[in-house]
>>> print(open('start-v6.csv').read())   # CSV, C-alpha atoms
chain,number,residue,atom,x,y,z
T,1,MET,CA,4.5,10.0,-13.3
T,2,LEU,CA,3.8,13.4,-11.8
T,3,SER,CA,3.3,16.3,-14.2
T,4,ALA,CA,6.1,18.9,-14.1
T,5,LYS,CA,3.7,21.4,-12.5
T,6,SER,CA,2.5,18.9,-9.8
T,7,ALA,CA,6.1,17.8,-9.1
T,8,GLU,CA,7.2,21.4,-8.5
T,9,THR,CA,4.3,22.0,-6.1
T,10,VAL,CA,4.7,18.7,-4.3
T,11,ARG,CA,8.4,19.4,-3.8
T,12,ALA,CA,7.7,22.9,-2.4
T,13,THR,CA,5.0,21.7,-0.1
T,14,LEU,CA,6.3,18.3,1.0
T,15,PRO,CA,7.9,19.7,4.2
T,16,VAL,CA,4.6,21.4,5.2
T,17,VAL,CA,2.4,18.4,4.3
T,18,GLY,CA,4.9,16.1,5.9
T,19,ALA,CA,5.0,18.1,9.1
T,20,SER,CA,1.1,18.1,9.2
T,21,ILE,CA,0.4,14.6,8.2
T,22,GLY,CA,0.4,13.3,11.7
T,23,GLU,CA,-2.5,15.7,12.3
T,24,ILE,CA,-4.1,15.0,8.9
T,25,THR,CA,-4.3,11.2,9.2
T,26,PRO,CA,-6.2,10.9,12.5
T,27,LEU,CA,-8.7,13.6,11.3
T,28,PHE,CA,-9.1,11.6,8.0
T,29,TYR,CA,-9.9,8.4,9.9
T,30,ALA,CA,-12.3,10.3,12.2
T,31,LYS,CA,-14.2,11.7,9.1
T,32,LEU,CA,-14.1,8.3,7.3
T,33,PHE,CA,-15.5,6.4,10.3
T,34,ALA,CA,-18.1,9.0,11.0
T,35,ALA,CA,-19.4,8.7,7.5
T,36,HIS,CA,-18.9,4.9,7.3
T,37,PRO,CA,-19.0,3.4,10.8
T,38,GLU,CA,-19.2,-0.1,9.2
T,39,LEU,CA,-15.5,0.3,8.1
T,40,ALA,CA,-14.4,1.0,11.7
T,41,ARG,CA,-16.4,-1.9,12.9
T,42,ASP,CA,-15.7,-4.6,10.3
T,43,LEU,CA,-12.6,-3.7,8.2
T,44,PHE,CA,-10.0,-1.6,10.1
T,45,ASN,CA,-8.1,-3.1,13.1
T,46,ARG,CA,-9.6,-1.3,16.2
T,47,GLY,CA,-6.4,-2.0,18.2
T,48,ASN,CA,-4.1,-0.4,15.7
T,49,GLN,CA,-6.5,2.6,15.5
T,50,ALA,CA,-6.5,2.9,19.3
T,51,GLN,CA,-2.7,2.9,19.4
T,52,GLY,CA,-2.2,5.2,16.4
T,53,THR,CA,-0.2,2.7,14.4
T,54,GLN,CA,-2.6,2.6,11.4
T,55,PRO,CA,-2.5,6.4,10.9
T,56,GLN,CA,1.4,6.3,11.2
T,57,ALA,CA,1.5,3.6,8.5
T,58,LEU,CA,-0.8,5.6,6.1
T,59,ALA,CA,1.2,8.8,6.6
T,60,GLY,CA,4.5,6.9,6.0
T,61,SER,CA,3.3,5.3,2.8
T,62,ILE,CA,2.0,8.6,1.3
T,63,ALA,CA,5.2,10.4,2.2
T,64,THR,CA,7.4,7.6,0.8
T,65,PHE,CA,5.4,7.5,-2.4
T,66,ALA,CA,5.6,11.2,-2.9
T,67,THR,CA,9.3,11.2,-2.2
T,68,VAL,CA,10.0,8.5,-4.7
T,69,LEU,CA,8.0,10.3,-7.3
T,70,LEU,CA,10.2,13.3,-6.9
T,71,GLN,CA,13.5,11.6,-6.6
T,72,HIS,CA,13.0,8.9,-9.2
T,73,PRO,CA,10.3,10.1,-11.6
T,74,GLU,CA,10.5,7.0,-13.8
T,75,ALA,CA,10.2,4.5,-10.8
T,76,ARG,CA,7.6,3.3,-8.4
T,77,PRO,CA,8.2,2.0,-4.9
T,78,ASP,CA,7.1,-1.5,-5.9
T,79,ALA,CA,8.0,-3.2,-2.6
T,80,LEU,CA,5.8,-0.7,-0.7
T,81,LEU,CA,3.0,-0.9,-3.2
T,82,ALA,CA,3.0,-4.7,-3.3
T,83,ARG,CA,2.9,-5.0,0.4
T,84,ILE,CA,-0.1,-2.7,0.7
T,85,ALA,CA,-1.8,-4.3,-2.3
T,86,HIS,CA,-1.5,-7.8,-0.8
T,87,LYS,CA,-2.9,-6.6,2.5
T,88,HIS,CA,-5.8,-4.9,0.6
T,89,ALA,CA,-6.5,-8.0,-1.5
T,90,SER,CA,-6.6,-10.2,1.7
T,91,LEU,CA,-9.3,-7.8,3.0
T,92,GLY,CA,-11.3,-7.7,-0.2
T,93,VAL,CA,-10.7,-4.0,-0.9
T,94,THR,CA,-12.1,-2.9,-4.3
T,95,ALA,CA,-11.5,0.0,-6.6
T,96,GLU,CA,-14.8,1.5,-5.6
T,97,GLN,CA,-13.4,2.3,-2.1
T,98,TYR,CA,-10.6,4.5,-3.3
T,99,PRO,CA,-12.8,7.5,-4.1
T,100,VAL,CA,-14.3,7.2,-0.6
T,101,VAL,CA,-10.9,7.4,0.9
T,102,HIS,CA,-10.0,10.3,-1.4
T,103,ARG,CA,-13.0,12.3,-0.3
T,104,HIS,CA,-12.4,12.2,3.4
T,105,LEU,CA,-8.6,12.4,3.1
T,106,PHE,CA,-8.7,15.6,1.1
T,107,ALA,CA,-11.3,17.0,3.4
T,108,ALA,CA,-8.9,16.5,6.3
T,109,ILE,CA,-6.0,18.0,4.3
T,110,ALA,CA,-8.1,21.1,3.6
T,111,GLU,CA,-9.1,21.5,7.2
T,112,VAL,CA,-5.6,21.1,8.6
T,113,LEU,CA,-3.7,23.2,6.0
T,114,GLY,CA,-6.4,25.9,5.9
T,115,ASP,CA,-5.4,28.8,3.6
T,116,ALA,CA,-2.3,26.8,2.6
T,117,ALA,CA,-4.5,24.3,0.8
T,118,THR,CA,-4.8,26.3,-2.4
T,119,GLU,CA,-6.4,24.9,-5.5
T,120,GLU,CA,-2.9,24.3,-7.0
T,121,VAL,CA,-1.6,22.5,-3.8
T,122,VAL,CA,-4.7,20.3,-3.6
T,123,ALA,CA,-4.5,19.4,-7.3
T,124,ALA,CA,-0.8,18.4,-7.0
T,125,TRP,CA,-1.4,16.2,-4.0
T,126,GLU,CA,-4.5,14.7,-5.7
T,127,ASP,CA,-2.1,13.8,-8.6
T,128,VAL,CA,0.1,11.9,-6.0
T,129,TYR,CA,-3.0,10.2,-4.5
T,130,TRP,CA,-4.4,8.9,-7.8
T,131,LEU,CA,-1.0,7.8,-9.1
T,132,MET,CA,-0.7,5.7,-5.9
T,133,ALA,CA,-4.3,4.6,-5.9
T,134,ASN,CA,-4.4,3.5,-9.5
T,135,ALA,CA,-1.1,1.6,-9.2
T,136,LEU,CA,-2.6,-0.2,-6.2
T,137,ILE,CA,-5.9,-0.9,-8.0
T,138,ALA,CA,-3.9,-2.4,-10.9
T,139,ILE,CA,-1.8,-4.6,-8.6
T,140,GLU,CA,-4.9,-5.7,-6.7
T,141,ALA,CA,-6.7,-6.6,-9.9
T,142,GLY,CA,-3.8,-8.9,-10.8
T,143,LEU,CA,-3.9,-10.5,-7.4
T,144,TYR,CA,-7.6,-11.2,-7.7
T,145,ALA,CA,-7.2,-12.7,-11.1
T,146,GLU,CA,-4.3,-14.8,-9.9
T,147,ALA,CA,-6.5,-16.2,-7.1
T,148,GLY,CA,-9.3,-16.9,-9.6
T,149,VAL,CA,-11.9,-14.7,-7.9
T,150,ALA,CA,-13.9,-11.6,-8.7
T,151,ALA,CA,-12.5,-8.4,-7.2
T,152,GLY,CA,-13.1,-8.4,-3.5
T,153,ASP,CA,-14.6,-11.9,-3.4
T,154,VAL,CA,-11.8,-13.5,-1.3
T,155,TRP,CA,-13.8,-14.9,1.6
T,156,ARG,CA,-14.7,-18.6,2.1
T,157,GLU,CA,-16.2,-20.5,5.0
T,158,TYR,CA,-13.9,-23.0,6.7
T,159,ARG,CA,-14.3,-25.5,9.6
T,160,VAL,CA,-11.8,-26.0,12.3
T,161,VAL,CA,-10.8,-29.7,12.1
T,162,ASP,CA,-8.0,-29.5,14.7
T,163,ARG,CA,-6.7,-27.1,17.3
T,164,VAL,CA,-3.2,-27.6,18.7
T,165,PRO,CA,-1.7,-25.7,21.7
T,166,GLU,CA,1.9,-25.0,20.7
T,167,THR,CA,2.8,-23.0,23.9
T,168,ASP,CA,0.8,-21.3,26.6
T,169,GLU,CA,0.4,-18.3,24.3
T,170,VAL,CA,0.3,-19.8,20.8
T,171,THR,CA,-2.4,-22.1,19.3
T,172,SER,CA,-2.5,-23.6,15.8
T,173,PHE,CA,-5.8,-24.0,13.9
T,174,VAL,CA,-6.2,-26.5,11.1
T,175,VAL,CA,-9.0,-25.7,8.8
T,176,THR,CA,-10.7,-27.1,5.7
T,177,PRO,CA,-13.2,-25.4,3.3
T,178,LEU,CA,-16.8,-26.1,4.1
T,179,ASP,CA,-17.7,-26.4,0.4
T,180,GLY,CA,-15.3,-29.3,-0.1
T,181,ALA,CA,-13.6,-27.6,-3.0
T,182,PRO,CA,-9.8,-27.6,-3.4
T,183,LEU,CA,-7.8,-25.3,-1.2
T,184,PRO,CA,-6.8,-21.9,-2.7
T,185,PRO,CA,-3.3,-21.6,-4.0
T,186,ALA,CA,-0.8,-20.6,-1.3
T,187,ARG,CA,3.0,-19.9,-1.3
T,188,PRO,CA,5.3,-20.5,1.6
T,189,GLY,CA,5.4,-17.3,3.7
T,190,GLN,CA,1.9,-16.1,3.0
T,191,TYR,CA,-0.8,-15.3,5.4
T,192,VAL,CA,-4.6,-15.4,5.5
T,193,SER,CA,-7.1,-12.9,6.9
T,194,VAL,CA,-9.5,-14.4,9.5
T,195,GLN,CA,-12.8,-12.6,10.4
T,196,VAL,CA,-14.6,-13.3,13.6
T,197,GLU,CA,-17.8,-11.9,15.1
T,198,LEU,CA,-17.1,-10.4,18.5
T,199,PRO,CA,-19.6,-10.0,21.4
T,200,ASP,CA,-20.4,-6.4,20.4
T,201,GLY,CA,-21.3,-7.5,16.9
T,202,ALA,CA,-18.2,-6.2,15.2
T,203,ARG,CA,-16.7,-8.4,12.6
T,204,GLN,CA,-13.0,-7.8,13.1
T,205,ILE,CA,-10.3,-9.1,10.8
T,206,ARG,CA,-6.7,-10.1,11.5
T,207,GLN,CA,-3.9,-11.6,9.4
T,208,TYR,CA,-2.1,-14.8,10.5
T,209,SER,CA,0.8,-16.5,8.8
T,210,LEU,CA,0.3,-20.0,7.3
T,211,SER,CA,2.5,-22.2,9.4
T,212,GLY,CA,1.9,-25.3,7.2
T,213,ALA,CA,-0.5,-27.2,5.1
T,214,THR,CA,-1.6,-30.8,4.7
T,215,GLU,CA,-3.7,-32.4,2.1
T,216,GLY,CA,-7.0,-30.5,2.0
T,217,ALA,CA,-6.2,-28.3,5.0
T,218,LEU,CA,-4.5,-25.1,6.0
T,219,ARG,CA,-2.8,-24.4,9.3
T,220,PHE,CA,-2.4,-20.9,10.8
T,221,SER,CA,-1.1,-20.1,14.2
T,222,VAL,CA,-2.2,-17.4,16.6
T,223,LYS,CA,-0.4,-15.8,19.5
T,224,ARG,CA,-2.7,-14.4,22.2
T,225,VAL,CA,-1.9,-10.7,22.4
T,226,ALA,CA,-1.9,-9.6,26.0
T,227,ALA,CA,-2.5,-6.1,27.3
T,228,ASP,CA,0.8,-4.4,28.4
T,229,ALA,CA,2.1,-1.7,30.5
T,230,SER,CA,2.3,0.7,27.6
T,231,GLY,CA,-1.5,0.8,27.4
T,232,ALA,CA,-1.8,-1.5,24.4
T,233,PRO,CA,-5.1,-3.4,24.8
T,234,GLU,CA,-5.5,-7.1,24.7
T,235,GLY,CA,-5.8,-8.5,21.2
T,236,GLU,CA,-9.6,-9.0,20.9
T,237,VAL,CA,-9.4,-11.3,17.9
T,238,SER,CA,-6.6,-13.5,19.2
T,239,ALA,CA,-8.3,-13.8,22.6
T,240,HIS,CA,-11.6,-14.7,20.8
T,241,LEU,CA,-9.8,-17.4,18.8
T,242,HIS,CA,-8.1,-18.8,21.9
T,243,ASP,CA,-11.1,-18.7,24.2
T,244,ARG,CA,-14.1,-19.4,21.9
T,245,VAL,CA,-13.0,-21.2,18.7
T,246,ASP,CA,-12.7,-25.0,19.1
T,247,ARG,CA,-12.8,-28.0,16.8
T,248,GLY,CA,-15.9,-28.0,14.7
T,249,ALA,CA,-16.3,-24.2,14.7
T,250,GLY,CA,-16.7,-22.2,11.5
T,251,LEU,CA,-14.4,-19.4,10.4
T,252,ARG,CA,-14.5,-17.0,7.6
T,253,ILE,CA,-11.0,-16.9,5.9
T,254,SER,CA,-9.6,-15.1,3.0
T,255,ALA,CA,-7.5,-16.3,0.1
T,256,PRO,CA,-3.8,-16.5,1.0
T,257,ALA,CA,-1.9,-13.3,0.3
T,258,GLY,CA,1.5,-11.7,1.1
T,259,ASP,CA,4.5,-10.7,-1.0
T,260,VAL,CA,7.2,-12.0,1.3
T,261,VAL,CA,7.3,-15.6,-0.1
T,262,LEU,CA,10.0,-18.2,-0.5
T,263,ASP,CA,11.8,-17.8,-3.8
T,264,GLU,CA,11.7,-20.7,-6.2
T,265,GLY,CA,15.5,-20.8,-6.9
T,266,ASP,CA,18.1,-23.3,-5.6
T,267,GLY,CA,20.3,-20.8,-3.8
T,268,PRO,CA,21.0,-20.8,0.0
T,269,LEU,CA,18.5,-19.5,2.4
T,270,LEU,CA,18.7,-17.7,5.8
T,271,LEU,CA,15.5,-17.7,7.9
T,272,VAL,CA,15.8,-15.3,10.8
T,273,SER,CA,13.0,-14.9,13.3
T,274,ALA,CA,12.0,-14.1,16.9
T,275,GLY,CA,9.0,-15.1,18.9
T,276,ILE,CA,5.8,-15.6,16.9
T,277,GLY,CA,7.8,-14.5,13.8
T,278,GLY,CA,8.8,-18.1,13.5
T,279,THR,CA,5.4,-19.0,12.1
T,280,PRO,CA,6.1,-18.1,8.4
T,281,MET,CA,9.5,-19.7,8.7
T,282,ILE,CA,7.9,-23.0,9.8
T,283,GLY,CA,5.7,-22.8,6.8
T,284,MET,CA,8.7,-22.3,4.6
T,285,LEU,CA,10.6,-25.2,6.2
T,286,ASN,CA,7.5,-27.5,5.9
T,287,HIS,CA,7.5,-26.7,2.2
T,288,LEU,CA,11.2,-27.3,1.7
T,289,ALA,CA,11.1,-30.6,3.6
T,290,GLY,CA,7.9,-31.7,1.8
T,291,THR,CA,9.4,-31.0,-1.6
T,292,GLY,CA,12.7,-32.7,-0.8
T,293,SER,CA,14.7,-29.5,-1.3
T,294,ARG,CA,18.5,-29.8,-1.2
T,295,ARG,CA,19.1,-26.1,-0.8
T,296,PRO,CA,21.5,-24.9,2.0
T,297,VAL,CA,19.3,-23.5,4.8
T,298,VAL,CA,20.4,-21.7,7.9
T,299,VAL,CA,17.7,-21.1,10.5
T,300,ALA,CA,18.3,-18.5,13.3
T,301,HIS,CA,15.5,-18.1,15.9
T,302,ALA,CA,15.4,-16.1,19.2
T,303,ASP,CA,12.8,-16.5,21.9
T,304,ARG,CA,12.4,-15.7,25.6
T,305,THR,CA,12.6,-19.2,26.9
T,306,PRO,CA,12.5,-22.7,25.4
T,307,ALA,CA,8.9,-23.0,26.8
T,308,THR,CA,7.7,-19.9,24.9
T,309,HIS,CA,9.3,-21.2,21.6
T,310,ALA,CA,6.5,-22.4,19.5
T,311,PHE,CA,7.3,-25.2,17.0
T,312,ARG,CA,10.7,-25.9,18.7
T,313,ALA,CA,10.3,-29.7,18.2
T,314,GLU,CA,8.9,-29.3,14.7
T,315,LEU,CA,11.8,-27.0,13.8
T,316,GLU,CA,14.3,-29.6,14.9
T,317,GLN,CA,12.5,-32.4,13.0
T,318,LEU,CA,12.2,-30.3,9.8
T,319,VAL,CA,15.9,-29.3,9.9
T,320,ALA,CA,16.9,-32.9,10.4
T,321,LYS,CA,14.9,-33.8,7.2
T,322,LEU,CA,16.8,-31.4,5.1
T,323,PRO,CA,20.2,-32.6,3.9
T,324,ASP,CA,22.0,-29.2,4.1
T,325,ALA,CA,20.3,-27.3,7.0
T,326,VAL,CA,21.4,-26.1,10.4
T,327,ALA,CA,19.5,-24.3,13.2
T,328,HIS,CA,20.9,-21.7,15.7
T,329,LEU,CA,18.7,-20.8,18.7
T,330,TRP,CA,19.0,-18.0,21.2
T,331,TYR,CA,17.0,-17.7,24.5
T,332,GLU,CA,17.0,-14.7,26.8
T,333,ARG,CA,16.3,-17.0,29.8
T,334,PRO,CA,17.4,-20.5,28.9
T,335,ASP,CA,16.5,-23.5,31.0
T,336,GLY,CA,19.4,-25.7,32.3
T,337,GLU,CA,22.7,-25.7,30.5
T,338,TRP,CA,22.9,-23.5,27.5
T,339,PRO,CA,25.9,-22.1,25.5
T,340,ALA,CA,26.8,-18.6,26.7
T,341,GLU,CA,27.0,-17.4,23.1
T,342,ARG,CA,23.4,-18.5,22.6
T,343,THR,CA,22.1,-16.7,25.7
T,344,GLY,CA,20.5,-13.2,25.4
T,345,LEU,CA,19.9,-11.4,22.1
T,346,MET,CA,20.5,-12.9,18.7
T,347,ASP,CA,24.0,-12.2,17.3
T,348,LEU,CA,24.1,-13.1,13.6
T,349,GLY,CA,27.8,-12.3,13.6
T,350,ARG,CA,28.3,-15.6,15.4
T,351,ILE,CA,27.0,-17.7,12.5
T,352,ASP,CA,28.3,-18.4,9.0
T,353,VAL,CA,26.0,-16.8,6.5
T,354,PRO,CA,26.3,-18.7,3.2
T,355,ALA,CA,27.5,-16.6,0.2
T,356,GLY,CA,24.7,-15.6,-2.0
T,357,ALA,CA,22.0,-16.3,0.6
T,358,THR,CA,18.5,-14.9,0.4
T,359,ALA,CA,17.4,-13.8,3.9
T,360,TYR,CA,13.9,-13.7,5.3
T,361,LEU,CA,13.2,-11.8,8.6
T,362,CYS,CA,10.1,-11.9,10.8
T,363,GLY,CA,9.6,-10.8,14.3
T,364,PRO,CA,9.2,-7.5,16.3
T,365,VAL,CA,10.3,-4.5,14.3
T,366,PRO,CA,13.2,-3.6,16.7
T,367,PHE,CA,14.5,-7.2,16.3
T,368,MET,CA,14.3,-7.1,12.5
T,369,ARG,CA,15.9,-3.7,12.4
T,370,ALA,CA,18.9,-5.0,14.4
T,371,ALA,CA,19.0,-8.3,12.4
T,372,ARG,CA,18.9,-6.4,9.1
T,373,ALA,CA,21.8,-4.1,10.2
T,374,GLN,CA,23.9,-7.2,11.2
T,375,LEU,CA,23.3,-8.8,7.8
T,376,LEU,CA,24.2,-5.6,6.0
T,377,ALA,CA,27.4,-5.4,8.0
T,378,ALA,CA,28.1,-9.0,7.1
T,379,GLY,CA,27.9,-8.1,3.4
T,380,VAL,CA,24.4,-9.4,2.6
T,381,PRO,CA,23.0,-7.0,0.0
T,382,ALA,CA,19.9,-5.1,0.9
T,383,ARG,CA,18.1,-6.5,-2.2
T,384,ALA,CA,18.5,-10.0,-0.7
T,385,ILE,CA,16.9,-9.2,2.6
T,386,HIS,CA,13.1,-9.6,2.8
T,387,TYR,CA,11.0,-9.0,5.9
T,388,GLU,CA,7.4,-9.6,7.0
T,389,VAL,CA,5.7,-7.2,9.5
T,390,PHE,CA,2.8,-8.3,11.7
T,391,GLY,CA,0.6,-5.2,11.8
T,392,PRO,CA,1.0,-1.8,10.0
T,393,ASP,CA,4.3,-1.6,8.3
T,394,LEU,CA,6.3,1.3,9.8
T,395,GLY,CA,9.5,0.3,8.1
T,396,LEU,CA,12.9,-0.9,9.3
T,397,ASP,CA,14.9,2.2,8.4
T,398,GLY,CA,13.6,4.5,11.1
>>> encode(input="start-v6.csv", output="structure tokens")
Amino acid sequence: MLSAKSAETVRATLPVVGASIGEITPLFYAKLFAAHPELARDLFNRGNQAQGTQPQALAGSIATFATVLLQHPEARPDALLARIAHKHASLGVTAEQYPVVHRHLFAAIAEVLGDAATEEVVAAWEDVYWLMANALIAIEAGLYAEAGVAAGDVWREYRVVDRVPETDEVTSFVVTPLDGAPLPPARPGQYVSVQVELPDGARQIRQYSLSGATEGALRFSVKRVAADASGAPEGEVSAHLHDRVDRGAGLRISAPAGDVVLDEGDGPLLLVSAGIGGTPMIGMLNHLAGTGSRRPVVVAHADRTPATHAFRAELEQLVAKLPDAVAHLWYERPDGEWPAERTGLMDLGRIDVPAGATAYLCGPVPFMRAARAQLLAAGVPARAIHYEVFGPDLGLDG
């Protein structure tokens, strides 16, 4: 916990630091990448950096952590820390990298705050930083131990043994380890990091949900990210995988990670998704069907059209295999006859949510924010609602 002196200083300066953090974080990344260009090239998502979402996520996590330390001195924001730690572990982040981040972050803080960055202020915020960093280091050490690997040693070479076009935009890749050793342990809902070498020599990394597994093979599914009118660039890794990676190709893939995983109880489940957010749900359904689960399961999925709905046929087959499962589908632009109440945006008020259900959400952040609000209004407690974000986690409360 924060010392009394640090807590007093952080409380007094949180408004100033909070107001400046949008300026601090881009400067931090500029300093970090100038000193370590290999991190910009091979570790950090260049698309997120270009759009500014990575600095927003860093700013949000630091501010949230500091706020929790002040409001609940005996507690830690474990959900936030676990999500960050799993992402770090999937990238092979090690304890030795935290002092590097500290050096450039606090250089940016001193530059932006100027005379306001007194020795007392810097010491207090360093207290916040190291409390957060050491908590993450401890969680990450546990994740590496659980995976049975040395810290940071999460990468293995795989070969693509099958490639399946799910829609015009989504392709599934089935991969097996080149070394012939058993697959790493994975839980339904987790993702893997995939590293590819791009034409400019950069080795960029992206995370993709596991959409299923067969004996000796993992399946992950990739949506081609197109450039859009907002200025967001084409997804360079998704385009590379779609255009250049075929059967027989090699891929460097991390151990599975992710804290939003199917619980092991026997209570009812509600799986809510939109678009490519259906991939972890298909992974969960494959697990439930493969283990002969008798849990009540309600699936709710929204998509633009039936043609853009990846795994539609597989979803129907898996739901049919489960003795107490039902699926509800919404399409913005349905083909042919389609019930009016299932046209347009998802409305969870139109379905029966089982009492005591645990809900899992995945899809665009605005969609999940709306779905979460509908579930809370329906009486589902916040503690029973779990969500997975593709990309930097900017939260669902804003």
>>> atom_distance(input="start-v6.csv", atom1="CA of Ser254 in chain T", atom2="CA of Tyr144 in chain T")
11.6 Å
>>> atom_distance(input="start-v6.csv", atom1="CA of His309 in chain T", atom2="CA of Ile276 in chain T")
8.1 Å
>>> closest_residue(input="start-v6.csv", among="T:Leu288, T:Val261, T:Phe220, T:Leu361", to="Ala325 in chain T", atoms="all atoms listed in the file")
T:Leu288
>>> atom_distance(input="start-v6.csv", atom1="CA of Trp330 in chain T", atom2="CA of Pro306 in chain T")
9.1 Å
>>> closest_residue(input="start-v6.csv", among="T:Lys31, T:Trp125, T:Leu271, T:Arg294", to="Val353 in chain T", atoms="only C-alpha atoms")
T:Leu271
>>> closest_residue(input="start-v6.csv", among="T:Ala327, T:Ala79, T:Ala255, T:Val245", to="Leu285 in chain T", atoms="only C-alpha atoms")
T:Ala327
>>> residues_around(input="start-v6.csv", residues="Val225 in chain T", least_positions_apart="6", cutoff="10 Å", atoms="all atoms listed in the file", output="CSV table (one decimal) with C-alpha atoms, in the frame of the given file")
chain,number,residue,atom,x,y,z
T,169,GLU,CA,0.4,-18.3,24.3
T,170,VAL,CA,0.3,-19.8,20.8
T,232,ALA,CA,-1.8,-1.5,24.4
T,233,PRO,CA,-5.1,-3.4,24.8
T,234,GLU,CA,-5.5,-7.1,24.7
T,235,GLY,CA,-5.8,-8.5,21.2
T,236,GLU,CA,-9.6,-9.0,20.9
T,237,VAL,CA,-9.4,-11.3,17.9
T,238,SER,CA,-6.6,-13.5,19.2
T,239,ALA,CA,-8.3,-13.8,22.6
>>> residues_around(input="start-v6.csv", residues="Ala66 in chain T", least_positions_apart="3", cutoff="8 Å", atoms="all atoms listed in the file", output="list in words")
Val10, Ile62, Ala63, Leu69, Leu70 and Val128 of chain T
>>> closest_residue(input="start-v6.csv", among="T:Gln190, T:Gln204, T:Asn134, T:Ser90", to="Arg46 in chain T", atoms="only C-alpha atoms")
T:Gln204
>>> closest_atom_pairs(input="start-v6.csv", of="range 220-300 of chain T", to="range 364-387 of chain T", cutoff="8 Å", atoms="only C-alpha atoms", output="JSON lines")
{"residue": "T:Val260", "atom": "CA", "partner": "T:His386", "partner_atom": "CA", "distance": 6.5}
{"residue": "T:Val272", "atom": "CA", "partner": "T:Ala371", "partner_atom": "CA", "distance": 7.9}
{"residue": "T:Ser273", "atom": "CA", "partner": "T:Met368", "partner_atom": "CA", "distance": 7.9}
{"residue": "T:Ala274", "atom": "CA", "partner": "T:Pro364", "partner_atom": "CA", "distance": 7.2}
{"residue": "T:Gly277", "atom": "CA", "partner": "T:Pro364", "partner_atom": "CA", "distance": 7.6}
>>> write_last_selection(input="start-v6.csv", atoms="C-alpha atoms", output="PDB file, keeping the file's coordinate frame")
ATOM      1  CA  VAL T 260       7.200 -12.000   1.300  1.00  0.00           C
ATOM      2  CA  VAL T 272      15.800 -15.300  10.800  1.00  0.00           C
ATOM      3  CA  SER T 273      13.000 -14.900  13.300  1.00  0.00           C
ATOM      4  CA  ALA T 274      12.000 -14.100  16.900  1.00  0.00           C
ATOM      5  CA  GLY T 277       7.800 -14.500  13.800  1.00  0.00           C
TER       6      GLY T 277
END
>>> residues_around(input="start-v6.csv", residues="Thr64 in chain T", least_positions_apart="2", cutoff="12 Å", atoms="only C-alpha atoms", output="short mmCIF file (atom, residue, chain, number, x, y, z; two decimals) with C-alpha atoms, in the coordinates of the input")
data_model
loop_
_atom_site.label_atom_id
_atom_site.label_comp_id
_atom_site.auth_asym_id
_atom_site.auth_seq_id
_atom_site.Cartn_x
_atom_site.Cartn_y
_atom_site.Cartn_z
CA LEU T 14 6.30 18.30 1.00
CA GLY T 18 4.90 16.10 5.90
CA ALA T 57 1.50 3.60 8.50
CA LEU T 58 -0.80 5.60 6.10
CA ALA T 59 1.20 8.80 6.60
CA GLY T 60 4.50 6.90 6.00
CA SER T 61 3.30 5.30 2.80
CA ILE T 62 2.00 8.60 1.30
CA ALA T 66 5.60 11.20 -2.90
CA THR T 67 9.30 11.20 -2.20
CA VAL T 68 10.00 8.50 -4.70
CA LEU T 69 8.00 10.30 -7.30
CA LEU T 70 10.20 13.30 -6.90
CA GLN T 71 13.50 11.60 -6.60
CA HIS T 72 13.00 8.90 -9.20
CA ARG T 76 7.60 3.30 -8.40
CA PRO T 77 8.20 2.00 -4.90
CA ASP T 78 7.10 -1.50 -5.90
CA ALA T 79 8.00 -3.20 -2.60
CA LEU T 80 5.80 -0.70 -0.70
CA LEU T 81 3.00 -0.90 -3.20
CA VAL T 128 0.10 11.90 -6.00
CA TYR T 129 -3.00 10.20 -4.50
CA MET T 132 -0.70 5.70 -5.90
CA LEU T 394 6.30 1.30 9.80
CA GLY T 395 9.50 0.30 8.10
CA ASP T 397 14.90 2.20 8.40
#
